[in-house]
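Student: You'll find final06.cif just under this line, and it carries mmCIF, N, CA and C atoms.
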```cif
data_target
loop_
_atom_site.label_atom_id
_atom_site.label_comp_id
_atom_site.auth_asym_id
_atom_site.auth_seq_id
_atom_site.Cartn_x
_atom_site.Cartn_y
_atom_site.Cartn_z
N MET A 8 174.90 147.67 114.71
CA MET A 8 173.51 147.33 114.42
C MET A 8 173.09 146.10 115.22
N MET A 9 173.96 145.14 115.35
CA MET A 9 173.65 143.90 116.06
C MET A 9 173.38 144.18 117.55
N VAL A 10 174.16 145.07 118.14
CA VAL A 10 173.99 145.42 119.55
C VAL A 10 172.64 146.11 119.75
N ARG A 11 172.31 146.99 118.84
CA ARG A 11 171.03 147.70 118.93
C ARG A 11 169.85 146.73 118.89
N GLY A 12 169.91 145.73 118.04
CA GLY A 12 168.86 144.71 117.94
C GLY A 12 168.71 143.92 119.22
N LYS A 13 169.84 143.61 119.85
CA LYS A 13 169.80 142.87 121.13
C LYS A 13 169.16 143.73 122.22
N TRP A 14 169.43 145.03 122.22
CA TRP A 14 168.84 145.92 123.20
C TRP A 14 167.32 146.02 123.01
N ILE A 15 166.90 146.10 121.77
CA ILE A 15 165.48 146.15 121.47
C ILE A 15 164.80 144.85 121.91
N LEU A 16 165.42 143.73 121.60
CA LEU A 16 164.89 142.43 121.99
C LEU A 16 164.81 142.32 123.52
N ALA A 17 165.86 142.76 124.19
CA ALA A 17 165.88 142.71 125.66
C ALA A 17 164.77 143.60 126.24
N ALA A 18 164.57 144.77 125.66
CA ALA A 18 163.53 145.67 126.13
C ALA A 18 162.14 145.07 125.95
N LEU A 19 161.91 144.45 124.80
CA LEU A 19 160.62 143.81 124.54
C LEU A 19 160.39 142.64 125.49
N LEU A 20 161.41 141.85 125.71
CA LEU A 20 161.30 140.71 126.62
C LEU A 20 161.00 141.21 128.03
N GLY A 21 161.71 142.26 128.44
CA GLY A 21 161.47 142.82 129.77
C GLY A 21 160.06 143.34 129.93
N ALA A 22 159.55 144.00 128.91
CA ALA A 22 158.18 144.52 128.96
C ALA A 22 157.17 143.39 129.04
N THR A 23 157.40 142.32 128.29
CA THR A 23 156.50 141.16 128.30
C THR A 23 156.48 140.51 129.67
N VAL A 24 157.65 140.31 130.25
CA VAL A 24 157.74 139.72 131.59
C VAL A 24 157.05 140.62 132.61
N SER A 25 157.23 141.91 132.49
CA SER A 25 156.62 142.86 133.41
C SER A 25 155.09 142.80 133.34
N VAL A 26 154.54 142.75 132.13
CA VAL A 26 153.09 142.67 131.95
C VAL A 26 152.56 141.36 132.54
N ALA A 27 153.23 140.25 132.26
CA ALA A 27 152.80 138.95 132.77
C ALA A 27 152.84 138.93 134.29
N ALA A 28 153.89 139.47 134.88
CA ALA A 28 154.00 139.50 136.34
C ALA A 28 152.90 140.36 136.94
N THR A 29 152.59 141.47 136.32
CA THR A 29 151.52 142.35 136.80
C THR A 29 150.19 141.62 136.80
N GLN A 30 149.92 140.85 135.77
CA GLN A 30 148.66 140.11 135.69
C GLN A 30 148.59 139.04 136.78
N VAL A 31 149.68 138.33 137.03
CA VAL A 31 149.71 137.30 138.07
C VAL A 31 149.46 137.93 139.43
N PHE A 32 150.13 139.05 139.71
CA PHE A 32 149.95 139.71 140.99
C PHE A 32 148.55 140.28 141.13
N ALA A 33 147.98 140.80 140.07
CA ALA A 33 146.62 141.33 140.11
C ALA A 33 145.62 140.22 140.41
N GLN A 34 145.83 139.05 139.80
CA GLN A 34 144.95 137.91 140.06
C GLN A 34 145.07 137.48 141.51
N ALA A 35 146.28 137.40 142.03
CA ALA A 35 146.47 137.01 143.43
C ALA A 35 145.81 138.03 144.35
N ASP A 36 145.87 139.31 143.99
CA ASP A 36 145.28 140.37 144.79
C ASP A 36 143.76 140.24 144.85
N VAL A 37 143.12 139.97 143.71
CA VAL A 37 141.66 139.85 143.69
C VAL A 37 141.22 138.60 144.45
N ILE A 38 141.99 137.52 144.36
CA ILE A 38 141.67 136.30 145.12
C ILE A 38 141.77 136.59 146.61
N GLU A 39 142.81 137.29 147.00
CA GLU A 39 142.99 137.64 148.42
C GLU A 39 141.84 138.53 148.90
N LYS A 40 141.43 139.48 148.09
CA LYS A 40 140.32 140.38 148.47
C LYS A 40 139.02 139.60 148.64
N ARG A 41 138.73 138.69 147.71
CA ARG A 41 137.46 137.96 147.83
C ARG A 41 137.50 136.98 148.99
N GLN A 42 138.67 136.40 149.28
CA GLN A 42 138.76 135.51 150.44
C GLN A 42 138.56 136.30 151.74
N LYS A 43 139.11 137.50 151.79
CA LYS A 43 138.92 138.35 152.96
C LYS A 43 137.43 138.68 153.13
N LEU A 44 136.76 138.98 152.02
CA LEU A 44 135.33 139.29 152.06
C LEU A 44 134.54 138.07 152.56
N MET A 45 134.87 136.90 152.05
CA MET A 45 134.15 135.69 152.47
C MET A 45 134.39 135.38 153.95
N LYS A 46 135.61 135.59 154.41
CA LYS A 46 135.90 135.37 155.83
C LYS A 46 135.13 136.37 156.68
N SER A 47 134.99 137.59 156.18
CA SER A 47 134.20 138.60 156.87
C SER A 47 132.73 138.16 156.96
N ASN A 48 132.21 137.65 155.85
CA ASN A 48 130.82 137.16 155.85
C ASN A 48 130.65 136.03 156.86
N SER A 49 131.60 135.12 156.90
CA SER A 49 131.52 134.00 157.83
C SER A 49 131.53 134.50 159.28
N ALA A 50 132.42 135.42 159.58
CA ALA A 50 132.49 135.98 160.94
C ALA A 50 131.20 136.73 161.27
N ASP A 51 130.68 137.48 160.31
CA ASP A 51 129.43 138.21 160.53
C ASP A 51 128.28 137.25 160.76
N ASN A 52 128.24 136.16 160.01
CA ASN A 52 127.17 135.18 160.17
C ASN A 52 127.23 134.54 161.56
N LYS A 53 128.43 134.23 162.03
CA LYS A 53 128.58 133.67 163.38
C LYS A 53 128.15 134.69 164.43
N ALA A 54 128.52 135.94 164.22
CA ALA A 54 128.12 136.99 165.16
C ALA A 54 126.60 137.17 165.16
N ILE A 55 125.99 137.04 164.00
CA ILE A 55 124.53 137.14 163.90
C ILE A 55 123.87 136.03 164.70
N LYS A 56 124.37 134.80 164.54
CA LYS A 56 123.78 133.68 165.29
C LYS A 56 123.84 133.93 166.79
N ALA A 57 124.99 134.39 167.26
CA ALA A 57 125.13 134.67 168.69
C ALA A 57 124.23 135.83 169.11
N ALA A 58 124.15 136.85 168.28
CA ALA A 58 123.32 138.02 168.61
C ALA A 58 121.84 137.68 168.59
N VAL A 59 121.42 136.79 167.70
CA VAL A 59 120.02 136.35 167.66
C VAL A 59 119.68 135.65 168.97
N GLU A 60 120.58 134.78 169.42
CA GLU A 60 120.34 134.05 170.68
C GLU A 60 120.23 135.00 171.88
N SER A 61 121.04 136.05 171.88
CA SER A 61 121.01 136.99 173.00
C SER A 61 120.05 138.16 172.77
N LYS A 62 119.34 138.12 171.64
CA LYS A 62 118.38 139.16 171.26
C LYS A 62 119.03 140.54 171.17
N ASP A 63 120.27 140.56 170.70
CA ASP A 63 121.01 141.79 170.47
C ASP A 63 120.76 142.22 169.02
N TYR A 64 119.61 142.82 168.80
CA TYR A 64 119.19 143.12 167.43
C TYR A 64 119.98 144.24 166.77
N ALA A 65 120.59 145.10 167.57
CA ALA A 65 121.45 146.14 166.99
C ALA A 65 122.65 145.51 166.30
N THR A 66 123.23 144.50 166.93
CA THR A 66 124.36 143.78 166.31
C THR A 66 123.89 143.01 165.09
N VAL A 67 122.74 142.37 165.19
CA VAL A 67 122.19 141.64 164.05
C VAL A 67 122.04 142.59 162.86
N GLU A 68 121.46 143.76 163.10
CA GLU A 68 121.25 144.73 162.03
C GLU A 68 122.58 145.17 161.41
N THR A 69 123.55 145.49 162.25
CA THR A 69 124.86 145.95 161.77
C THR A 69 125.55 144.87 160.94
N LYS A 70 125.58 143.66 161.44
CA LYS A 70 126.26 142.56 160.74
C LYS A 70 125.52 142.19 159.45
N ALA A 71 124.21 142.25 159.48
CA ALA A 71 123.43 141.96 158.26
C ALA A 71 123.73 143.00 157.19
N LYS A 72 123.85 144.26 157.59
CA LYS A 72 124.19 145.31 156.63
C LYS A 72 125.60 145.12 156.07
N GLU A 73 126.52 144.62 156.89
CA GLU A 73 127.87 144.34 156.40
C GLU A 73 127.83 143.24 155.34
N ILE A 74 127.07 142.19 155.60
CA ILE A 74 126.93 141.10 154.62
C ILE A 74 126.28 141.63 153.35
N MET A 75 125.27 142.47 153.50
CA MET A 75 124.59 143.04 152.33
C MET A 75 125.59 143.85 151.49
N GLY A 76 126.40 144.66 152.13
CA GLY A 76 127.41 145.44 151.42
C GLY A 76 128.44 144.55 150.73
N ASN A 77 128.84 143.49 151.42
CA ASN A 77 129.79 142.54 150.82
C ASN A 77 129.18 141.84 149.61
N ALA A 78 127.93 141.45 149.74
CA ALA A 78 127.25 140.76 148.63
C ALA A 78 127.18 141.65 147.40
N ASP A 79 127.02 142.94 147.62
CA ASP A 79 126.95 143.88 146.50
C ASP A 79 128.29 144.02 145.78
N GLN A 80 129.39 143.67 146.44
CA GLN A 80 130.74 143.73 145.85
C GLN A 80 131.17 142.40 145.24
N LEU A 81 130.47 141.35 145.54
CA LEU A 81 130.91 139.99 145.26
C LEU A 81 131.24 139.71 143.79
N VAL A 82 130.36 140.02 142.90
CA VAL A 82 130.56 139.68 141.48
C VAL A 82 131.83 140.32 140.93
N ALA A 83 132.09 141.56 141.34
CA ALA A 83 133.27 142.28 140.85
C ALA A 83 134.58 141.62 141.31
N LEU A 84 134.52 140.83 142.36
CA LEU A 84 135.73 140.18 142.88
C LEU A 84 136.01 138.83 142.20
N PHE A 85 135.22 138.51 141.19
CA PHE A 85 135.42 137.28 140.43
C PHE A 85 135.55 137.58 138.94
N PRO A 86 136.54 138.40 138.56
CA PRO A 86 136.71 138.71 137.13
C PRO A 86 137.15 137.47 136.37
N LYS A 87 136.83 137.43 135.09
CA LYS A 87 137.28 136.31 134.25
C LYS A 87 138.79 136.20 134.36
N GLY A 88 139.26 134.96 134.42
CA GLY A 88 140.69 134.73 134.50
C GLY A 88 141.23 134.64 135.92
N SER A 89 140.37 134.75 136.91
CA SER A 89 140.85 134.69 138.29
C SER A 89 140.51 133.35 138.95
N SER A 90 140.58 132.30 138.14
CA SER A 90 140.25 130.96 138.66
C SER A 90 141.49 130.15 139.02
N LYS A 91 142.66 130.69 138.78
CA LYS A 91 143.90 129.97 139.07
C LYS A 91 144.56 130.57 140.30
N GLY A 92 145.20 129.71 141.06
CA GLY A 92 145.85 130.16 142.29
C GLY A 92 145.19 129.53 143.48
N LYS A 93 145.41 130.08 144.64
CA LYS A 93 144.86 129.53 145.87
C LYS A 93 143.41 129.99 146.02
N THR A 94 142.54 129.31 145.30
CA THR A 94 141.12 129.66 145.29
C THR A 94 140.27 128.40 145.25
N LYS A 95 139.10 128.49 145.81
CA LYS A 95 138.14 127.38 145.75
C LYS A 95 137.00 127.69 144.78
N ALA A 96 137.15 128.78 144.05
CA ALA A 96 136.14 129.16 143.06
C ALA A 96 136.09 128.12 141.95
N THR A 97 134.89 127.69 141.61
CA THR A 97 134.74 126.71 140.52
C THR A 97 134.51 127.45 139.20
N ASP A 98 134.75 126.77 138.10
CA ASP A 98 134.53 127.36 136.78
C ASP A 98 133.07 127.75 136.56
N ALA A 99 132.17 127.17 137.34
CA ALA A 99 130.74 127.48 137.20
C ALA A 99 130.47 128.96 137.43
N ILE A 100 131.32 129.63 138.20
CA ILE A 100 131.14 131.07 138.44
C ILE A 100 131.14 131.83 137.12
N TRP A 101 132.03 131.44 136.22
CA TRP A 101 132.17 132.14 134.95
C TRP A 101 131.31 131.51 133.85
N GLU A 102 131.10 130.20 133.96
CA GLU A 102 130.26 129.51 132.98
C GLU A 102 128.79 129.85 133.16
N LYS A 103 128.39 130.09 134.40
CA LYS A 103 127.00 130.42 134.73
C LYS A 103 127.00 131.77 135.47
N SER A 104 127.59 132.76 134.83
CA SER A 104 127.78 134.05 135.50
C SER A 104 126.46 134.71 135.90
N ASP A 105 125.41 134.49 135.12
CA ASP A 105 124.10 135.06 135.48
C ASP A 105 123.57 134.43 136.77
N ASP A 106 123.76 133.11 136.91
CA ASP A 106 123.33 132.42 138.13
C ASP A 106 124.14 132.89 139.34
N PHE A 107 125.44 133.10 139.11
CA PHE A 107 126.30 133.58 140.19
C PHE A 107 125.88 134.98 140.63
N ALA A 108 125.62 135.85 139.67
CA ALA A 108 125.17 137.21 139.98
C ALA A 108 123.83 137.19 140.72
N LYS A 109 122.96 136.28 140.31
CA LYS A 109 121.66 136.15 140.97
C LYS A 109 121.85 135.67 142.42
N ALA A 110 122.76 134.74 142.62
CA ALA A 110 123.03 134.23 143.98
C ALA A 110 123.56 135.36 144.87
N ALA A 111 124.44 136.19 144.33
CA ALA A 111 124.96 137.33 145.10
C ALA A 111 123.83 138.31 145.43
N LYS A 112 122.96 138.55 144.47
CA LYS A 112 121.81 139.44 144.69
C LYS A 112 120.87 138.86 145.74
N ASN A 113 120.68 137.53 145.70
CA ASN A 113 119.83 136.87 146.69
C ASN A 113 120.39 137.06 148.10
N LEU A 114 121.71 136.97 148.21
CA LEU A 114 122.34 137.18 149.52
C LEU A 114 122.13 138.61 149.99
N SER A 115 122.31 139.57 149.11
CA SER A 115 122.10 140.97 149.46
C SER A 115 120.66 141.20 149.92
N THR A 116 119.73 140.63 149.19
CA THR A 116 118.30 140.78 149.52
C THR A 116 117.98 140.14 150.86
N ALA A 117 118.50 138.92 151.09
CA ALA A 117 118.25 138.22 152.36
C ALA A 117 118.86 138.99 153.53
N ALA A 118 120.07 139.51 153.34
CA ALA A 118 120.72 140.26 154.41
C ALA A 118 119.96 141.57 154.69
N GLY A 119 119.46 142.19 153.64
CA GLY A 119 118.66 143.41 153.81
C GLY A 119 117.38 143.13 154.58
N ALA A 120 116.76 142.01 154.27
CA ALA A 120 115.53 141.63 154.98
C ALA A 120 115.82 141.34 156.46
N LEU A 121 116.97 140.74 156.73
CA LEU A 121 117.36 140.48 158.12
C LEU A 121 117.61 141.79 158.85
N ALA A 122 118.30 142.71 158.21
CA ALA A 122 118.55 144.01 158.84
C ALA A 122 117.23 144.71 159.18
N ALA A 123 116.27 144.66 158.26
CA ALA A 123 114.97 145.29 158.50
C ALA A 123 114.23 144.60 159.65
N ALA A 124 114.30 143.27 159.69
CA ALA A 124 113.64 142.53 160.78
C ALA A 124 114.28 142.88 162.12
N ALA A 125 115.61 142.98 162.12
CA ALA A 125 116.31 143.32 163.36
C ALA A 125 115.92 144.72 163.83
N LYS A 126 115.82 145.62 162.89
CA LYS A 126 115.44 147.01 163.24
C LYS A 126 114.04 147.05 163.84
N SER A 127 113.15 146.17 163.34
CA SER A 127 111.77 146.15 163.85
C SER A 127 111.68 145.50 165.23
N GLY A 128 112.67 144.66 165.56
CA GLY A 128 112.65 144.00 166.86
C GLY A 128 111.75 142.78 166.92
N ASP A 129 111.26 142.32 165.79
CA ASP A 129 110.38 141.14 165.73
C ASP A 129 111.23 139.88 165.84
N ALA A 130 111.21 139.26 167.01
CA ALA A 130 112.08 138.11 167.29
C ALA A 130 111.87 136.97 166.31
N GLY A 131 110.63 136.65 165.99
CA GLY A 131 110.34 135.55 165.06
C GLY A 131 110.87 135.84 163.67
N ALA A 132 110.66 137.07 163.22
CA ALA A 132 111.15 137.45 161.89
C ALA A 132 112.67 137.44 161.85
N VAL A 133 113.31 137.90 162.93
CA VAL A 133 114.77 137.91 162.98
C VAL A 133 115.31 136.48 162.87
N GLU A 134 114.72 135.58 163.63
CA GLU A 134 115.17 134.18 163.57
C GLU A 134 115.00 133.59 162.18
N ASP A 135 113.84 133.82 161.58
CA ASP A 135 113.58 133.30 160.22
C ASP A 135 114.54 133.90 159.20
N LYS A 136 114.74 135.20 159.25
CA LYS A 136 115.60 135.87 158.27
C LYS A 136 117.07 135.51 158.47
N ALA A 137 117.48 135.26 159.72
CA ALA A 137 118.86 134.84 159.98
C ALA A 137 119.12 133.47 159.36
N LYS A 138 118.14 132.58 159.48
CA LYS A 138 118.26 131.25 158.85
C LYS A 138 118.31 131.38 157.34
N GLU A 139 117.54 132.32 156.81
CA GLU A 139 117.52 132.54 155.36
C GLU A 139 118.88 133.04 154.86
N VAL A 140 119.50 133.94 155.60
CA VAL A 140 120.84 134.42 155.20
C VAL A 140 121.82 133.27 155.18
N SER A 141 121.79 132.47 156.22
CA SER A 141 122.71 131.33 156.31
C SER A 141 122.49 130.33 155.18
N SER A 142 121.24 130.04 154.88
CA SER A 142 120.96 129.07 153.81
C SER A 142 121.28 129.66 152.43
N THR A 143 121.15 130.97 152.29
CA THR A 143 121.49 131.63 151.02
C THR A 143 122.99 131.55 150.77
N CYS A 144 123.78 131.71 151.83
CA CYS A 144 125.24 131.53 151.70
C CYS A 144 125.55 130.11 151.23
N GLY A 145 124.97 129.15 151.89
CA GLY A 145 125.21 127.74 151.56
C GLY A 145 124.75 127.39 150.16
N ALA A 146 123.63 127.97 149.73
CA ALA A 146 123.11 127.68 148.39
C ALA A 146 124.08 128.16 147.31
N CYS A 147 124.83 129.20 147.59
CA CYS A 147 125.81 129.70 146.63
C CYS A 147 127.08 128.84 146.67
N HIS A 148 127.46 128.40 147.85
CA HIS A 148 128.68 127.60 147.98
C HIS A 148 128.58 126.26 147.25
N LYS A 149 127.41 125.66 147.26
CA LYS A 149 127.27 124.33 146.64
C LYS A 149 127.69 124.31 145.17
N PRO A 150 127.16 125.18 144.32
CA PRO A 150 127.57 125.12 142.92
C PRO A 150 128.84 125.88 142.57
N PHE A 151 129.23 126.83 143.42
CA PHE A 151 130.30 127.75 143.02
C PHE A 151 131.58 127.64 143.85
N ARG A 152 131.62 126.75 144.83
CA ARG A 152 132.80 126.64 145.70
C ARG A 152 133.25 125.18 145.77
N ALA A 153 134.52 124.96 145.44
CA ALA A 153 135.10 123.61 145.52
C ALA A 153 135.50 123.29 146.94
N LYS A 154 135.65 122.01 147.23
CA LYS A 154 136.11 121.59 148.56
C LYS A 154 137.56 121.98 148.80
N ASP A 155 138.36 121.82 147.76
CA ASP A 155 139.80 122.04 147.87
C ASP A 155 140.25 123.21 146.99
N TYR A 156 141.41 123.72 147.32
CA TYR A 156 142.00 124.81 146.53
C TYR A 156 142.38 124.32 145.14
N ALA A 157 142.34 125.22 144.17
CA ALA A 157 142.61 124.89 142.76
C ALA A 157 144.08 124.63 142.49
N GLU A 158 144.98 125.15 143.32
CA GLU A 158 146.42 125.05 143.03
C GLU A 158 146.87 123.67 142.69
#
```
Turn this file's structure into structure tokens for me.

Tutor:
Amino acid sequence: MMVRGKWILAALLGATVSVAATQVFAQADVIEKRQKLMKSNSADNKAIKAAVESKDYATVETKAKEIMGNADQLVALFPKGSSKGKTKATDAIWEKSDDFAKAAKNLSTAAGALAAAAKSGDAGAVEDKAKEVSSTCGACHKPFRAKDYAE
């Protein structure tokens, strides 16, 4: 009977460790995904700036649509409990989740407007909308992104 109890205890302990490890890895995975998305947005924004200067509106439109698609995924990449690890996400993301969702929506809207301006070929509108996308990114970073990693 004593041996059987130890086996049951060992099985329960193993299951608990397995569940905890799965949660840690899942959190690391979502942090990695959102960092990849943010790096993609940064690269797209730089490409947009260069394309605006060279009046390559096809590239502006494509990159703006990529940012718009990324913005639409943003909120899902910040589930509750994913604030620990190598992340610069501040607690404000979860404390002010409606504001964070609105900021993501604002980015999607701004990127959509830039894509439409690029498609129209209106140089002035493209320049204005490109600045708007860039400032919308920055407006979200101020309240929701820390300078340093949380680790």

Student: Calculate, to one decimal in Å, the centre and edge lengths of the box along x, y and z of the file that holds all listed atoms of range 102-121 of chain A with 3 Å of margin on each side, and present them as lines of an AutoDock Vina configuration file.

Tutor:
```
center_x = 123.3
center_y = 136.5
center_z = 145.9
size_x = 21.6
size_y = 19.9
size_z = 31.9
```

Student: At what distance in Å, to one decimal, does CA of Val59 in chain A lie from CA of Gly119 in chain A?

Tutor: 15.6 Å

Student: Which is closer to Thr116 in chain A than all the others in A:Ile74, A:Ala35, A:Ala99, A:Ala58, using only N, CA and C atoms?

Tutor: A:Ile74

Student: Around the point (123.4, 141.3, 159.7) in the file's coordinates, collect all residues with an atom within 7 Å, using only N, CA and C atoms, and return them as a PDB file with N, CA and C atoms, in the frame of the given file.

Tutor:
```pdb
ATOM      1  N   ASP A  51     130.680 137.480 160.310  1.00  0.00           N
ATOM      2  CA  ASP A  51     129.430 138.210 160.530  1.00  0.00           C
ATOM      3  C   ASP A  51     128.280 137.250 160.760  1.00  0.00           C
ATOM      4  N   ILE A  55     125.990 137.040 164.000  1.00  0.00           N
ATOM      5  CA  ILE A  55     124.530 137.140 163.900  1.00  0.00           C
ATOM      6  C   ILE A  55     123.870 136.030 164.700  1.00  0.00           C
ATOM      7  N   THR A  66     123.230 144.500 166.930  1.00  0.00           N
ATOM      8  CA  THR A  66     124.360 143.780 166.310  1.00  0.00           C
ATOM      9  C   THR A  66     123.890 143.010 165.090  1.00  0.00           C
ATOM     10  N   VAL A  67     122.740 142.370 165.190  1.00  0.00           N
ATOM     11  CA  VAL A  67     122.190 141.640 164.050  1.00  0.00           C
ATOM     12  C   VAL A  67     122.040 142.590 162.860  1.00  0.00           C
ATOM     13  N   GLU A  68     121.460 143.760 163.100  1.00  0.00           N
ATOM     14  CA  GLU A  68     121.250 144.730 162.030  1.00  0.00           C
ATOM     15  C   GLU A  68     122.580 145.170 161.410  1.00  0.00           C
ATOM     16  N   THR A  69     123.550 145.490 162.250  1.00  0.00           N
ATOM     17  CA  THR A  69     124.860 145.950 161.770  1.00  0.00           C
ATOM     18  C   THR A  69     125.550 144.870 160.940  1.00  0.00           C
ATOM     19  N   LYS A  70     125.580 143.660 161.440  1.00  0.00           N
ATOM     20  CA  LYS A  70     126.260 142.560 160.740  1.00  0.00           C
ATOM     21  C   LYS A  70     125.520 142.190 159.450  1.00  0.00           C
ATOM     22  N   ALA A  71     124.210 142.250 159.480  1.00  0.00           N
ATOM     23  CA  ALA A  71     123.430 141.960 158.260  1.00  0.00           C
ATOM     24  C   ALA A  71     123.730 143.000 157.190  1.00  0.00           C
ATOM     25  N   LYS A  72     123.850 144.260 157.590  1.00  0.00           N
ATOM     26  CA  LYS A  72     124.190 145.310 156.630  1.00  0.00           C
ATOM     27  C   LYS A  72     125.600 145.120 156.070  1.00  0.00           C
ATOM     28  N   GLU A  73     126.520 144.620 156.890  1.00  0.00           N
ATOM     29  CA  GLU A  73     127.870 144.340 156.400  1.00  0.00           C
ATOM     30  C   GLU A  73     127.830 143.240 155.340  1.00  0.00           C
ATOM     31  N   ILE A  74     127.070 142.190 155.600  1.00  0.00           N
ATOM     32  CA  ILE A  74     126.930 141.100 154.620  1.00  0.00           C
ATOM     33  C   ILE A  74     126.280 141.630 153.350  1.00  0.00           C
ATOM     34  N   MET A  75     125.270 142.470 153.500  1.00  0.00           N
ATOM     35  CA  MET A  75     124.590 143.040 152.330  1.00  0.00           C
ATOM     36  C   MET A  75     125.590 143.850 151.490  1.00  0.00           C
ATOM     37  N   ALA A 118     120.070 139.510 153.340  1.00  0.00           N
ATOM     38  CA  ALA A 118     120.720 140.260 154.410  1.00  0.00           C
ATOM     39  C   ALA A 118     119.960 141.570 154.690  1.00  0.00           C
ATOM     40  N   LEU A 121     116.970 140.740 156.730  1.00  0.00           N
ATOM     41  CA  LEU A 121     117.360 140.480 158.120  1.00  0.00           C
ATOM     42  C   LEU A 121     117.610 141.790 158.850  1.00  0.00           C
ATOM     43  N   ALA A 122     118.300 142.710 158.210  1.00  0.00           N
ATOM     44  CA  ALA A 122     118.550 144.010 158.840  1.00  0.00           C
ATOM     45  C   ALA A 122     117.230 144.710 159.180  1.00  0.00           C
TER      46      ALA A 122
END
```

Student: With distances taken over only N, CA and C atoms, which of A:Ala65, A:Asn52, A:Asp79, A:Ala96 is nearest to Val140 in chain A?

Tutor: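 Among A:Ala65, A:Asn52, A:Asp79, A:Ala96, it is A:Asn52 that comes nearest to Val140 in chain A.
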
Student: Distance CA of Ala157 in chain A-CA of Gly76 in chain A, one decimal place?

Tutor: 27.0 Å

Student: Tell me, in Å to one decimal, how far CA of Val82 in chain A is from atom C of Tyr156 in chain A.

Tutor: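 Taking CA of Val82 in chain A as the start and atom C of Tyr156 in chain A as the end point, the length is 19.7 Å.
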
Student: Using only C-alpha atoms for the distances, tell me which of A:Val133, A:Ala78, A:Ala146, A:Leu84 is nearest to Gln42 in chain A.

Tutor: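 Ranking A:Val133, A:Ala78, A:Ala146, A:Leu84 by distance to Gln42 in chain A, first place goes to A:Leu84.
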
Student: Run the PyMOL selection byres ((chain A and resi 94) around 6.5) mentally over the shown coordinates, then write out the matched residues as a PDB file with N, CA and C atoms, keeping the file's coordinate frame, using the chain letters and numbers from the document.

Tutor:
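Just written: part.pdb:
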```
ATOM      1  N   SER A  90     140.580 132.300 138.140  1.00  0.00           N
ATOM      2  CA  SER A  90     140.250 130.960 138.660  1.00  0.00           C
ATOM      3  C   SER A  90     141.490 130.150 139.020  1.00  0.00           C
ATOM      4  N   LYS A  91     142.660 130.690 138.780  1.00  0.00           N
ATOM      5  CA  LYS A  91     143.900 129.970 139.070  1.00  0.00           C
ATOM      6  C   LYS A  91     144.560 130.570 140.300  1.00  0.00           C
ATOM      7  N   GLY A  92     145.200 129.710 141.060  1.00  0.00           N
ATOM      8  CA  GLY A  92     145.850 130.160 142.290  1.00  0.00           C
ATOM      9  C   GLY A  92     145.190 129.530 143.480  1.00  0.00           C
ATOM     10  N   LYS A  93     145.410 130.080 144.640  1.00  0.00           N
ATOM     11  CA  LYS A  93     144.860 129.530 145.870  1.00  0.00           C
ATOM     12  C   LYS A  93     143.410 129.990 146.020  1.00  0.00           C
ATOM     13  N   LYS A  95     139.100 128.490 145.810  1.00  0.00           N
ATOM     14  CA  LYS A  95     138.140 127.380 145.750  1.00  0.00           C
ATOM     15  C   LYS A  95     137.000 127.690 144.780  1.00  0.00           C
ATOM     16  N   ALA A  96     137.150 128.780 144.050  1.00  0.00           N
ATOM     17  CA  ALA A  96     136.140 129.160 143.060  1.00  0.00           C
ATOM     18  C   ALA A  96     136.090 128.120 141.950  1.00  0.00           C
ATOM     19  N   ASP A 155     138.360 121.820 147.760  1.00  0.00           N
ATOM     20  CA  ASP A 155     139.800 122.040 147.870  1.00  0.00           C
ATOM     21  C   ASP A 155     140.250 123.210 146.990  1.00  0.00           C
ATOM     22  N   TYR A 156     141.410 123.720 147.320  1.00  0.00           N
ATOM     23  CA  TYR A 156     142.000 124.810 146.530  1.00  0.00           C
ATOM     24  C   TYR A 156     142.380 124.320 145.140  1.00  0.00           C
ATOM     25  N   ALA A 157     142.340 125.220 144.170  1.00  0.00           N
ATOM     26  CA  ALA A 157     142.610 124.890 142.760  1.00  0.00           C
ATOM     27  C   ALA A 157     144.080 124.630 142.490  1.00  0.00           C
ATOM     28  N   GLU A 158     144.980 125.150 143.320  1.00  0.00           N
ATOM     29  CA  GLU A 158     146.420 125.050 143.030  1.00  0.00           C
ATOM     30  C   GLU A 158     146.870 123.670 142.690  1.00  0.00           C
TER      31      GLU A 158
END
```

Student: Rank nothing, just name the residue among A:Val37, A:Ala120, A:Ala110, A:Met45 nearest to Phe85 in chain A, using all atoms listed in the file.

Tutor: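 For Phe85 in chain A, the nearest of the candidates is A:Val37.
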
Student: Taking the file above as input, evaluate the PyMOL selection byres ((chain A and resi 150) around 8) and report the hits as a PyMOL selection string.

Tutor: chain A and resi 96-100+145-149+151-153

Student: Using DSSP assignments from the backbone, pull out every residue in range 23-100 of chain A that falls under alpha helix (DSSP H) and give it to me as number ranges by chain.

Tutor: A: 23-60, 64-80, 99-100
